[in-house]
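Scroll down for the structure; my scribbles are underneath it.
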Amino acid sequence: MDQTAGRENNGEACFVAASGQENMKNRGLPMKITNLFWITAITLLLLCLPCTSPAEEEEPEATVAISQEAVEAKIQELQDKIIVYSENGNEETAREFGITVDQLKERSDILQEEVIYLNRQLTALKKKESLDKEKALLQEHIASGEALHLETAPPYPVKVYDTYFDRLEESIRKKEAADLALSIAVKAAGKSKEKVKSATRDIRQLREELSSRSDGDQFPLNWNVTIQLLREKLATEVARFQELVAENSRLEQALAVMRLDIDRQIVDRVREHLIFTQEEYDRIIADIEVKEKELQEATDSLLKKQQKYELQLHSGQRQLEKTSDKENAAMLTAEIAAADRWRQAYQDKLESNEATQQLCTLQKRLWKYRFAVLDEDFTREDLAKWRQEAMAEGDRLRMHLSIQQDLLRDMLLQRDGLEEKIADEHFGSDLKSAYRSELEALTFHVESLPGYIIALGVTNQLIDRFLHEVGMVREQVTFGEIAWQISRNAASIWSYEIVAVDGYSVTLGKIITALAIFLAGILISRRITRNIHANLRRRGTMSESAAAVTEKLIHYFLILIIVLFAMRIVNIPLTAFAYLGGAVAIGVGFGAQKLLGNFISGFILMAEQPVKVGDLVQMNEQLGWIEDIGTRATMVRTFSNTHILVPNSYFLENNIINWTLNDNNIRCEIRVGVSYGTPTDQVRDLLVRAASDHGLVLAKPAPFVWLSDFGDNALILDLLFWITITPNIGRQQIESDVRFHIDKIFREEGIIVAFPQRDIHLNTSSPLQFELVKKGKNGRQENFQP
């Protein structure tokens, strides 16, 4: 007997001792004797508790190896206990222990469940023994080479290869199932161990609670300890059973792996000596064509039967519309349902036959591909195309197979419903006859479905074989084939169609080629236009502005030619951009409005030339030379050598001063003020001389002086003269030079440049009165008396 069984017996002994003390107390023993019994009972309880460490309680004996004899002995022992407990499981025994009959019965139920799991352990042990023998025998066959022995000698026809390939697929499915079963068994074993630990913790808590009490409440706790010990033992047996299941799953997985390896080696050996002759291929195709002919003959017969039931259906519907008798109407309704069921059955059978004929056509095509692959008569491009077709057909067939299986399940449920109606006594014989006819039609429909389902499965199996062979060919790839595959993928991406317009395809490669031609054309056009501009300036036949305009126009014209040339080279029609018209119109109307406005303004500036390259313009307070007129903006360089990009539309929408619109001669003006009394003729001559002395002041028209105004403090004279302005010579520079020269001449001639002044006039007809004022100590002013 194991440790858990000892715990159970100890718990029962503790409960019996405690219950006996309670009976003595109820008989009226003195309090002193009762206390003595209580002390004795607690001492016995502590002695009965097994001395186990926490580690032992946390690690149940679920992984201990057990034999079939030990399990059978446990089963016999538990069955004996169950018999004893069943005989004593009455109300009298329950009252003696101070519990209910249901609580007393719970102990037997737990033991009965433990017996069930022990029997399952016994079955698992027998299975483990069988698996061990099977594994040892298979290892012997592998070691001796008997496992790889083939009954027939090479070469092998394709039918033999298909037989062993089916075995390989079955081994793969068994291996996957074994992996899944092992995963489930390991998880179940882990959960069982956790339940054992939880039961052990519950026992410790109950014992601690029991030891802390010294009154009559101990009796229910004693019973709870007993039941919990039984549950712990049951959880331990469940954990042992789950461990056995996991161990058997590991053995099954190992066997599945060994069989899978054997089948793979056999398939590889058969494939090495496989021969697929033209005669065998012709025989397979002939068998498929015979089946197609049979399907066609069956289709003609089914079509006639379908037409027959369609006539019955229409006739019954007309009779139902004319009748007013309820009983006759019910009968006609049932006959119509039966006729419709037969019509639908033949219709579905016709569709299944037609679909099966299509499957036969697909099978012939797959056999053709297989023959080419096995005979190594194919190209890599053909192989890729065949593989893609087979994968697509496989997906489609699997979907149809699932639909047909669901349809078959629904029809089986409908057949059960009709059988219940026929068995119902409330329906008359005529109505039941109609139901029987409907049942026969439904049965015919149900029996016709498996044929199509089998055809789907066979075709799908053929696809799997072909894809497996293609995969083996693809594994034997060389470096050249890898390079070919990469180039093929690149060509596929290059020829990817983005849109088709008027029968022309716009592919990714065409767009990339067009962009490359466009970019190269822009670079070439820029170099050409720059050379043209330089030649025009060097020959002097055009001004700077005209040369710049000519350069821009030629540049835009070349870009247009390049765009049309690029589209022609790649065969992209102009109508391809018609679909973009709406989007372009919206973009122009909103986001590109200012951009397009500046673009058009640039052409207007080039055509009308209100400003041109080399002009000196003034925008508000900003003065600068125009260096370039672009498609969007004009570049202006100020005298401080800073460049400003001005939108082209600015020159058409604002007031601009163009100092050099017609020529570069501009008039400068210098204002000078001299004091009153200065000889104006002399001042005029000196000012004219100061302007004439400057080498950049034009002689014609000659400088002249205006007496502009009699100011408050000076006579105002304006010196006016003309200069020729260039980007290197500015107006401010010349005016500054002339002012320096005027100051020098005026100093030499004693001419004073006037400045603001005030004259104070005093009335001296009477004595002037002076008063001295000083500030007092308190900050107030006090008159000072001399």
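How things are named: the first chain in the structure tokens is A, the next is B, and so on; residues count from 1 in each chain; ligands count from 1 in the order shown.
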- request: DSSP on the backbone, then: every residue of region 588-744 of chain A marked helix (DSSP H, G or I), written as JSON, numbers by chain.
  value: {"A": [588, 589, 593, 594, 595, 596, 597, 598, 599, 600, 601, 602, 603, 604, 605, 606, 607, 608, 648, 649, 650, 651, 652, 653, 680, 681, 682, 683, 684, 685, 686, 687, 688, 689, 690, 691, 692, 731, 732, 733, 734, 735, 736, 737, 738, 739, 740, 741, 742, 743, 744]}
Could you turn the residues from that selection into a file that holds C-alpha atoms, as a short mmCIF file (atom, residue, chain, number, x, y, z; two decimals), in the first residue's frame?
```
data_model
loop_
_atom_site.label_atom_id
_atom_site.label_comp_id
_atom_site.auth_asym_id
_atom_site.auth_seq_id
_atom_site.Cartn_x
_atom_site.Cartn_y
_atom_site.Cartn_z
CA VAL A 588 -4.90 73.27 -61.18
CA GLY A 589 -8.09 74.70 -59.71
CA GLN A 593 -3.33 77.71 -59.28
CA LYS A 594 -0.46 80.01 -58.21
CA LEU A 595 2.14 77.72 -59.77
CA LEU A 596 0.39 77.79 -63.14
CA GLY A 597 -0.15 81.53 -62.84
CA ASN A 598 3.59 82.13 -62.34
CA PHE A 599 4.37 79.75 -65.22
CA ILE A 600 2.12 81.70 -67.62
CA SER A 601 3.44 85.01 -66.29
CA GLY A 602 6.95 83.87 -67.18
CA PHE A 603 5.95 83.40 -70.82
CA ILE A 604 4.25 86.82 -70.83
CA LEU A 605 7.40 88.45 -69.45
CA MET A 606 9.45 86.76 -72.16
CA ALA A 607 7.02 87.82 -74.91
CA GLU A 608 6.16 91.43 -73.91
CA ASN A 648 6.74 86.12 -62.16
CA SER A 649 3.17 87.20 -61.47
CA TYR A 650 4.50 89.95 -59.14
CA PHE A 651 5.85 91.94 -62.08
CA LEU A 652 2.42 91.91 -63.77
CA GLU A 653 0.31 92.62 -60.70
CA THR A 680 23.45 132.23 -56.52
CA ASP A 681 25.22 132.63 -59.86
CA GLN A 682 28.50 131.58 -58.31
CA VAL A 683 26.82 128.61 -56.57
CA ARG A 684 25.24 127.53 -59.87
CA ASP A 685 28.57 127.62 -61.69
CA LEU A 686 30.30 125.70 -58.93
CA LEU A 687 27.62 122.97 -58.94
CA VAL A 688 27.77 122.55 -62.73
CA ARG A 689 31.58 122.37 -62.52
CA ALA A 690 31.40 119.72 -59.78
CA ALA A 691 29.16 117.51 -61.95
CA SER A 692 31.17 118.07 -65.14
CA ARG A 731 23.71 105.61 -59.29
CA GLN A 732 24.43 105.97 -55.59
CA GLN A 733 28.16 105.65 -56.18
CA ILE A 734 28.25 108.52 -58.72
CA GLU A 735 26.00 110.77 -56.64
CA SER A 736 28.26 110.21 -53.64
CA ASP A 737 31.35 111.18 -55.67
CA VAL A 738 29.68 114.38 -56.86
CA ARG A 739 28.66 115.33 -53.30
CA PHE A 740 32.25 114.90 -52.10
CA HIS A 741 33.43 117.17 -54.91
CA ILE A 742 30.77 119.85 -54.12
CA ASP A 743 31.87 119.94 -50.48
CA LYS A 744 35.49 120.41 -51.54
#
```
field: Selection near Thr277 (chain A), 9 Å with only C-alpha atoms, sequence-local residues under 2 positions removed, as a ChimeraX atom specification
entry: /A:157-158,275,279-282,371,375
Could you save those same residues with all heavy atoms as a JSON list (two decimals), in the first residue's frame?
```json
[["chain", "number", "residue", "atom", "x", "y", "z"],
["A", 157, "PRO", "N", 7.05, 1.03, -62.70],
["A", 157, "PRO", "CA", 6.10, 1.88, -63.44],
["A", 157, "PRO", "C", 5.54, 2.97, -62.53],
["A", 157, "PRO", "O", 5.69, 2.94, -61.30],
["A", 157, "PRO", "CB", 5.02, 0.89, -63.89],
["A", 157, "PRO", "CG", 5.08, -0.20, -62.88],
["A", 157, "PRO", "CD", 6.52, -0.32, -62.46],
["A", 158, "VAL", "N", 4.86, 3.92, -63.13],
["A", 158, "VAL", "CA", 4.37, 5.07, -62.37],
["A", 158, "VAL", "C", 3.28, 4.66, -61.39],
["A", 158, "VAL", "O", 3.11, 5.31, -60.35],
["A", 158, "VAL", "CB", 3.87, 6.15, -63.36],
["A", 158, "VAL", "CG1", 2.59, 5.73, -64.06],
["A", 158, "VAL", "CG2", 3.65, 7.48, -62.64],
["A", 275, "ILE", "N", 10.27, 4.49, -64.43],
["A", 275, "ILE", "CA", 10.19, 4.55, -65.89],
["A", 275, "ILE", "C", 8.74, 4.84, -66.28],
["A", 275, "ILE", "O", 7.82, 4.14, -65.85],
["A", 275, "ILE", "CB", 10.69, 3.23, -66.54],
["A", 275, "ILE", "CG1", 10.60, 3.34, -68.07],
["A", 275, "ILE", "CG2", 9.95, 2.02, -66.01],
["A", 275, "ILE", "CD1", 11.26, 2.19, -68.80],
["A", 279, "GLU", "N", 3.77, 4.20, -73.77],
["A", 279, "GLU", "CA", 2.65, 3.27, -73.78],
["A", 279, "GLU", "C", 1.82, 3.39, -72.50],
["A", 279, "GLU", "O", 0.58, 3.37, -72.54],
["A", 279, "GLU", "CB", 3.17, 1.83, -73.93],
["A", 279, "GLU", "CG", 3.78, 1.52, -75.29],
["A", 279, "GLU", "CD", 5.18, 2.08, -75.44],
["A", 279, "GLU", "OE1", 5.74, 2.56, -74.42],
["A", 279, "GLU", "OE2", 5.74, 2.07, -76.56],
["A", 280, "GLU", "N", 2.51, 3.51, -71.35],
["A", 280, "GLU", "CA", 1.78, 3.64, -70.09],
["A", 280, "GLU", "C", 1.01, 4.96, -70.05],
["A", 280, "GLU", "O", -0.14, 5.01, -69.60],
["A", 280, "GLU", "CB", 2.76, 3.57, -68.92],
["A", 280, "GLU", "CG", 2.06, 3.55, -67.57],
["A", 280, "GLU", "CD", 3.04, 3.40, -66.42],
["A", 280, "GLU", "OE1", 4.27, 3.41, -66.67],
["A", 280, "GLU", "OE2", 2.58, 3.28, -65.27],
["A", 281, "TYR", "N", 1.63, 6.02, -70.56],
["A", 281, "TYR", "CA", 0.94, 7.31, -70.61],
["A", 281, "TYR", "C", -0.30, 7.24, -71.50],
["A", 281, "TYR", "O", -1.39, 7.73, -71.13],
["A", 281, "TYR", "CB", 1.91, 8.39, -71.11],
["A", 281, "TYR", "CG", 1.24, 9.71, -71.42],
["A", 281, "TYR", "CD1", 0.82, 10.56, -70.40],
["A", 281, "TYR", "CD2", 1.04, 10.11, -72.74],
["A", 281, "TYR", "CE1", 0.21, 11.77, -70.68],
["A", 281, "TYR", "CE2", 0.42, 11.32, -73.03],
["A", 281, "TYR", "CZ", 0.01, 12.15, -72.01],
["A", 281, "TYR", "OH", -0.60, 13.34, -72.30],
["A", 282, "ASP", "N", -0.17, 6.59, -72.66],
["A", 282, "ASP", "CA", -1.32, 6.47, -73.57],
["A", 282, "ASP", "C", -2.42, 5.63, -72.94],
["A", 282, "ASP", "O", -3.62, 5.93, -73.13],
["A", 282, "ASP", "CB", -0.87, 5.83, -74.89],
["A", 282, "ASP", "CG", 0.08, 6.74, -75.66],
["A", 282, "ASP", "OD1", 0.07, 7.96, -75.40],
["A", 282, "ASP", "OD2", 0.85, 6.22, -76.50],
["A", 371, "PHE", "N", 4.17, 13.51, -67.17],
["A", 371, "PHE", "CA", 4.99, 12.78, -68.14],
["A", 371, "PHE", "C", 6.17, 13.64, -68.60],
["A", 371, "PHE", "O", 7.29, 13.14, -68.74],
["A", 371, "PHE", "CB", 4.12, 12.38, -69.34],
["A", 371, "PHE", "CG", 4.86, 11.58, -70.37],
["A", 371, "PHE", "CD1", 5.20, 10.26, -70.15],
["A", 371, "PHE", "CD2", 5.24, 12.17, -71.57],
["A", 371, "PHE", "CE1", 5.89, 9.52, -71.10],
["A", 371, "PHE", "CE2", 5.93, 11.45, -72.53],
["A", 371, "PHE", "CZ", 6.26, 10.11, -72.29],
["A", 375, "ASP", "N", 9.96, 12.71, -67.62],
["A", 375, "ASP", "CA", 10.80, 12.46, -68.79],
["A", 375, "ASP", "C", 11.83, 13.57, -68.99],
["A", 375, "ASP", "O", 12.61, 13.52, -69.95],
["A", 375, "ASP", "CB", 9.91, 12.34, -70.04],
["A", 375, "ASP", "CG", 10.63, 11.66, -71.18],
["A", 375, "ASP", "OD1", 11.42, 10.72, -70.92],
["A", 375, "ASP", "OD2", 10.46, 12.09, -72.34]]
```
field: All residues 12 Å or closer to region 82-88 of chain A, only C-alpha atoms, same chain fewer than 2 positions away omitted, as number ranges by chain
entry: A: 75-80, 90-97, 101, 104-115
Close residues, Thr361 (chain A) itself excluded, 12 Å, only C-alpha atoms, min 2 positions apart in chain, as a PyMOL selection string: chain A and resi 285-286+288-293+354-359+363-368+455+459
Among region 617-749 of chain A, which ones does DSSP place in strand (DSSP E), written as a short mmCIF file (atom, residue, chain, number, x, y, z; two decimals) with N, CA, C and O atoms, in the first residue's frame?
```cif
data_model
loop_
_atom_site.label_atom_id
_atom_site.label_comp_id
_atom_site.auth_asym_id
_atom_site.auth_seq_id
_atom_site.Cartn_x
_atom_site.Cartn_y
_atom_site.Cartn_z
N VAL A 617 15.57 97.29 -61.89
CA VAL A 617 14.19 97.48 -61.48
C VAL A 617 14.15 97.85 -60.00
O VAL A 617 15.06 97.50 -59.24
N GLN A 618 13.07 98.52 -59.67
CA GLN A 618 12.86 98.93 -58.28
C GLN A 618 11.49 98.41 -57.85
O GLN A 618 10.47 98.75 -58.45
N MET A 619 11.50 97.59 -56.81
CA MET A 619 10.27 97.03 -56.24
C MET A 619 10.13 97.57 -54.83
O MET A 619 10.89 97.19 -53.94
N GLN A 622 13.22 98.15 -52.79
CA GLN A 622 14.28 97.22 -53.19
C GLN A 622 14.70 97.53 -54.63
O GLN A 622 13.85 97.63 -55.53
N LEU A 623 16.02 97.68 -54.86
CA LEU A 623 16.57 98.00 -56.16
C LEU A 623 17.56 96.91 -56.55
O LEU A 623 18.39 96.50 -55.73
N GLY A 624 17.44 96.43 -57.81
CA GLY A 624 18.36 95.37 -58.21
C GLY A 624 18.28 95.10 -59.69
O GLY A 624 17.42 95.62 -60.42
N TRP A 625 19.24 94.26 -60.14
CA TRP A 625 19.35 93.90 -61.55
C TRP A 625 18.70 92.53 -61.79
O TRP A 625 18.84 91.62 -60.97
N ILE A 626 17.99 92.40 -62.90
CA ILE A 626 17.37 91.11 -63.26
C ILE A 626 18.43 90.25 -63.93
O ILE A 626 19.02 90.64 -64.95
N GLU A 627 18.67 89.07 -63.35
CA GLU A 627 19.68 88.16 -63.89
C GLU A 627 19.08 86.99 -64.67
O GLU A 627 19.71 86.48 -65.58
N ASP A 628 17.87 86.55 -64.30
CA ASP A 628 17.30 85.41 -65.00
C ASP A 628 15.79 85.43 -64.82
O ASP A 628 15.29 85.74 -63.73
N ILE A 629 15.07 85.10 -65.89
CA ILE A 629 13.62 84.96 -65.84
C ILE A 629 13.30 83.50 -66.07
O ILE A 629 13.45 82.97 -67.18
N ALA A 633 9.84 81.85 -61.33
CA ALA A 633 10.27 83.05 -60.62
C ALA A 633 11.39 83.72 -61.39
O ALA A 633 12.04 83.13 -62.26
N THR A 634 11.60 84.99 -61.06
CA THR A 634 12.66 85.80 -61.65
C THR A 634 13.71 86.08 -60.59
O THR A 634 13.38 86.40 -59.45
N MET A 635 14.99 85.95 -60.97
CA MET A 635 16.08 86.17 -60.03
C MET A 635 16.56 87.62 -60.17
O MET A 635 16.90 88.07 -61.27
N VAL A 636 16.58 88.34 -59.03
CA VAL A 636 17.01 89.74 -58.98
C VAL A 636 18.19 89.84 -58.03
O VAL A 636 18.14 89.32 -56.90
N ARG A 637 19.29 90.51 -58.51
CA ARG A 637 20.47 90.70 -57.67
C ARG A 637 20.55 92.16 -57.27
O ARG A 637 20.58 93.06 -58.12
N THR A 638 20.59 92.41 -55.96
CA THR A 638 20.67 93.77 -55.44
C THR A 638 22.10 94.26 -55.48
O THR A 638 23.04 93.50 -55.75
N HIS A 643 20.68 87.82 -53.76
CA HIS A 643 19.76 87.40 -54.81
C HIS A 643 18.36 87.21 -54.23
O HIS A 643 18.19 86.60 -53.16
N ILE A 644 17.37 87.71 -54.94
CA ILE A 644 15.97 87.63 -54.53
C ILE A 644 15.20 86.89 -55.63
O ILE A 644 15.32 87.22 -56.81
N LEU A 645 14.42 85.87 -55.23
CA LEU A 645 13.55 85.17 -56.16
C LEU A 645 12.16 85.78 -56.06
O LEU A 645 11.50 85.69 -55.02
N VAL A 646 11.73 86.41 -57.13
CA VAL A 646 10.44 87.10 -57.17
C VAL A 646 9.51 86.32 -58.08
O VAL A 646 9.87 86.03 -59.24
N PRO A 647 8.30 85.94 -57.62
CA PRO A 647 7.35 85.26 -58.52
C PRO A 647 7.07 86.09 -59.76
O PRO A 647 6.97 87.31 -59.70
N ILE A 657 9.22 99.87 -61.11
CA ILE A 657 10.01 100.90 -61.80
C ILE A 657 11.16 100.22 -62.52
O ILE A 657 12.00 99.59 -61.89
N ASN A 658 11.16 100.35 -63.84
CA ASN A 658 12.23 99.78 -64.67
C ASN A 658 13.11 100.95 -65.11
O ASN A 658 12.77 101.71 -66.02
N ASN A 665 20.51 105.24 -69.66
CA ASN A 665 20.78 106.61 -69.21
C ASN A 665 19.69 107.05 -68.25
O ASN A 665 18.50 107.02 -68.58
N ILE A 666 20.12 107.46 -67.07
CA ILE A 666 19.16 107.94 -66.07
C ILE A 666 19.64 109.28 -65.54
O ILE A 666 20.82 109.63 -65.61
N ARG A 667 18.67 110.07 -65.06
CA ARG A 667 18.99 111.39 -64.52
C ARG A 667 19.12 111.30 -63.02
O ARG A 667 18.27 110.70 -62.34
N CYS A 668 20.21 111.92 -62.51
CA CYS A 668 20.45 111.96 -61.07
C CYS A 668 20.16 113.37 -60.55
O CYS A 668 20.26 114.36 -61.29
N GLU A 669 19.84 113.47 -59.31
CA GLU A 669 19.47 114.76 -58.69
C GLU A 669 20.10 114.86 -57.32
O GLU A 669 19.98 113.94 -56.50
N ILE A 670 20.81 116.06 -57.11
CA ILE A 670 21.44 116.32 -55.81
C ILE A 670 20.93 117.68 -55.32
O ILE A 670 21.04 118.69 -56.03
N ARG A 671 20.35 117.71 -54.15
CA ARG A 671 19.81 118.96 -53.57
C ARG A 671 20.81 119.53 -52.58
O ARG A 671 21.31 118.80 -51.71
N VAL A 672 21.05 120.87 -52.72
CA VAL A 672 22.01 121.58 -51.85
C VAL A 672 21.33 122.84 -51.32
O VAL A 672 20.64 123.54 -52.07
N GLY A 673 21.58 123.16 -50.05
CA GLY A 673 21.06 124.40 -49.45
C GLY A 673 22.20 125.32 -49.01
O GLY A 673 23.12 124.89 -48.32
N VAL A 674 22.15 126.61 -49.48
CA VAL A 674 23.18 127.60 -49.07
C VAL A 674 22.48 128.71 -48.31
O VAL A 674 21.27 128.95 -48.46
N PHE A 704 22.74 120.88 -65.27
CA PHE A 704 22.14 122.20 -65.03
C PHE A 704 21.62 122.23 -63.61
O PHE A 704 21.46 121.19 -62.95
N VAL A 705 21.35 123.51 -63.15
CA VAL A 705 20.97 123.75 -61.76
C VAL A 705 19.64 124.50 -61.74
O VAL A 705 19.45 125.44 -62.52
N TRP A 706 18.79 124.08 -60.82
CA TRP A 706 17.51 124.76 -60.58
C TRP A 706 17.55 125.35 -59.17
O TRP A 706 18.01 124.73 -58.23
N LEU A 707 17.02 126.60 -59.09
CA LEU A 707 16.77 127.19 -57.78
C LEU A 707 15.36 126.76 -57.40
O LEU A 707 14.36 127.30 -57.86
N SER A 708 15.28 125.76 -56.58
CA SER A 708 14.00 125.10 -56.34
C SER A 708 13.12 125.84 -55.36
O SER A 708 11.90 125.92 -55.55
N ASP A 709 13.74 126.46 -54.30
CA ASP A 709 12.86 127.02 -53.27
C ASP A 709 13.65 127.94 -52.37
O ASP A 709 14.89 127.84 -52.28
N PHE A 710 12.90 128.86 -51.75
CA PHE A 710 13.47 129.69 -50.69
C PHE A 710 13.05 129.06 -49.37
O PHE A 710 11.91 129.21 -48.92
N LEU A 715 18.72 128.76 -49.21
CA LEU A 715 18.27 128.75 -50.59
C LEU A 715 18.46 127.32 -51.12
O LEU A 715 19.54 126.74 -51.02
N ILE A 716 17.40 126.72 -51.68
CA ILE A 716 17.41 125.32 -52.11
C ILE A 716 17.70 125.29 -53.59
O ILE A 716 16.94 125.83 -54.41
N LEU A 717 18.82 124.60 -53.97
CA LEU A 717 19.21 124.43 -55.36
C LEU A 717 19.32 122.93 -55.67
O LEU A 717 19.81 122.14 -54.84
N ASP A 718 18.88 122.54 -56.88
CA ASP A 718 18.94 121.13 -57.31
C ASP A 718 19.88 121.02 -58.49
O ASP A 718 19.71 121.73 -59.50
N LEU A 719 20.86 120.12 -58.37
CA LEU A 719 21.80 119.83 -59.45
C LEU A 719 21.31 118.59 -60.17
O LEU A 719 21.14 117.52 -59.55
N LEU A 720 21.09 118.68 -61.48
CA LEU A 720 20.60 117.55 -62.28
C LEU A 720 21.62 117.22 -63.35
O LEU A 720 22.09 118.13 -64.05
N PHE A 721 21.93 115.91 -63.50
CA PHE A 721 22.89 115.48 -64.52
C PHE A 721 22.53 114.04 -64.91
O PHE A 721 21.78 113.34 -64.21
N TRP A 722 23.05 113.57 -66.02
CA TRP A 722 22.73 112.25 -66.58
C TRP A 722 23.95 111.34 -66.53
O TRP A 722 25.07 111.79 -66.71
N ILE A 723 23.67 110.07 -66.29
CA ILE A 723 24.74 109.07 -66.25
C ILE A 723 24.26 107.83 -66.99
O ILE A 723 23.06 107.64 -67.22
N THR A 724 25.20 106.97 -67.38
CA THR A 724 24.89 105.65 -67.97
C THR A 724 25.16 104.59 -66.91
O THR A 724 26.30 104.39 -66.49
#
```
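Comparing the minimum interatomic distances between Gly457 (chain A) and each of A:Arg632, A:Arg204, A:Arg398, A:Lys159, counting only C-alpha atoms, we find that A:Arg398 sits nearest.
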- prompt: Closest to Glu151 (chain A) among A:Val697, A:Ile656, A:Ile266, A:Leu412, using only C-alpha atoms?
  reply: A:Ile266
message: Neighbouring residues of Glu440 (chain A) were defined as those with any atom within 10 Å, considering only C-alpha atoms; residues of the same chain fewer than 5 positions away were excluded. Please report them as an MDAnalysis selection string.
response: chainID A and resid 338 341:342 415 434:435 445:446
Just all heavy atoms for this one: save the residues we selected as an mmCIF file, in the first residue's frame.
```
data_model
loop_
_atom_site.group_PDB
_atom_site.id
_atom_site.type_symbol
_atom_site.label_atom_id
_atom_site.label_comp_id
_atom_site.auth_asym_id
_atom_site.auth_seq_id
_atom_site.Cartn_x
_atom_site.Cartn_y
_atom_site.Cartn_z
ATOM 1 N N ALA A 338 -42.106 15.932 -54.298
ATOM 2 C CA ALA A 338 -41.356 14.757 -54.752
ATOM 3 C C ALA A 338 -40.819 14.964 -56.163
ATOM 4 O O ALA A 338 -39.656 14.642 -56.464
ATOM 5 C CB ALA A 338 -42.254 13.523 -54.693
ATOM 6 N N ARG A 341 -38.050 17.328 -56.068
ATOM 7 C CA ARG A 341 -36.862 16.682 -55.514
ATOM 8 C C ARG A 341 -36.165 15.832 -56.578
ATOM 9 O O ARG A 341 -34.935 15.862 -56.696
ATOM 10 C CB ARG A 341 -37.263 15.817 -54.321
ATOM 11 C CG ARG A 341 -36.118 15.030 -53.698
ATOM 12 C CD ARG A 341 -35.133 15.942 -53.008
ATOM 13 N NE ARG A 341 -35.711 16.506 -51.796
ATOM 14 C CZ ARG A 341 -35.044 17.333 -50.975
ATOM 15 N NH1 ARG A 341 -33.799 17.690 -51.285
ATOM 16 N NH2 ARG A 341 -35.632 17.809 -49.890
ATOM 17 N N TRP A 342 -36.953 15.081 -57.377
ATOM 18 C CA TRP A 342 -36.343 14.285 -58.438
ATOM 19 C C TRP A 342 -35.708 15.182 -59.501
ATOM 20 O O TRP A 342 -34.611 14.893 -59.995
ATOM 21 C CB TRP A 342 -37.415 13.389 -59.095
ATOM 22 C CG TRP A 342 -37.633 12.097 -58.357
ATOM 23 C CD1 TRP A 342 -38.703 11.763 -57.590
ATOM 24 C CD2 TRP A 342 -36.750 10.977 -58.324
ATOM 25 N NE1 TRP A 342 -38.572 10.506 -57.061
ATOM 26 C CE2 TRP A 342 -37.360 9.993 -57.505
ATOM 27 C CE3 TRP A 342 -35.511 10.702 -58.886
ATOM 28 C CZ2 TRP A 342 -36.767 8.765 -57.252
ATOM 29 C CZ3 TRP A 342 -34.931 9.469 -58.637
ATOM 30 C CH2 TRP A 342 -35.547 8.512 -57.834
ATOM 31 N N ARG A 415 -32.795 13.554 -45.194
ATOM 32 C CA ARG A 415 -33.293 12.181 -45.342
ATOM 33 C C ARG A 415 -33.820 11.644 -44.017
ATOM 34 O O ARG A 415 -34.860 10.968 -43.973
ATOM 35 C CB ARG A 415 -32.184 11.289 -45.879
ATOM 36 C CG ARG A 415 -32.657 9.889 -46.252
ATOM 37 C CD ARG A 415 -31.552 9.089 -46.896
ATOM 38 N NE ARG A 415 -30.456 8.824 -45.979
ATOM 39 C CZ ARG A 415 -29.391 8.074 -46.282
ATOM 40 N NH1 ARG A 415 -29.289 7.554 -47.506
ATOM 41 N NH2 ARG A 415 -28.436 7.881 -45.410
ATOM 42 N N ALA A 434 -46.101 9.753 -51.414
ATOM 43 C CA ALA A 434 -45.384 10.910 -51.982
ATOM 44 C C ALA A 434 -44.085 11.153 -51.225
ATOM 45 O O ALA A 434 -43.039 11.471 -51.824
ATOM 46 C CB ALA A 434 -46.284 12.144 -51.938
ATOM 47 N N TYR A 435 -44.136 11.007 -49.914
ATOM 48 C CA TYR A 435 -42.921 11.183 -49.113
ATOM 49 C C TYR A 435 -41.874 10.120 -49.461
ATOM 50 O O TYR A 435 -40.667 10.401 -49.488
ATOM 51 C CB TYR A 435 -43.248 11.123 -47.629
ATOM 52 C CG TYR A 435 -43.940 12.370 -47.106
ATOM 53 C CD1 TYR A 435 -44.844 12.292 -46.037
ATOM 54 C CD2 TYR A 435 -43.713 13.609 -47.686
ATOM 55 C CE1 TYR A 435 -45.480 13.426 -45.559
ATOM 56 C CE2 TYR A 435 -44.349 14.753 -47.205
ATOM 57 C CZ TYR A 435 -45.232 14.653 -46.150
ATOM 58 O OH TYR A 435 -45.852 15.782 -45.688
ATOM 59 N N HIS A 445 -29.964 11.182 -54.868
ATOM 60 C CA HIS A 445 -29.060 12.352 -54.845
ATOM 61 C C HIS A 445 -27.879 12.111 -53.910
ATOM 62 O O HIS A 445 -26.724 12.426 -54.243
ATOM 63 C CB HIS A 445 -29.843 13.588 -54.420
ATOM 64 C CG HIS A 445 -29.148 14.875 -54.748
ATOM 65 N ND1 HIS A 445 -29.699 16.111 -54.502
ATOM 66 C CD2 HIS A 445 -27.931 15.122 -55.295
ATOM 67 C CE1 HIS A 445 -28.868 17.051 -54.894
ATOM 68 N NE2 HIS A 445 -27.790 16.471 -55.372
ATOM 69 N N VAL A 446 -28.168 11.560 -52.734
ATOM 70 C CA VAL A 446 -27.100 11.294 -51.756
ATOM 71 C C VAL A 446 -26.105 10.273 -52.306
ATOM 72 O O VAL A 446 -24.882 10.420 -52.146
ATOM 73 C CB VAL A 446 -27.725 10.809 -50.432
ATOM 74 C CG1 VAL A 446 -26.641 10.276 -49.498
ATOM 75 C CG2 VAL A 446 -28.490 11.934 -49.754
#
```
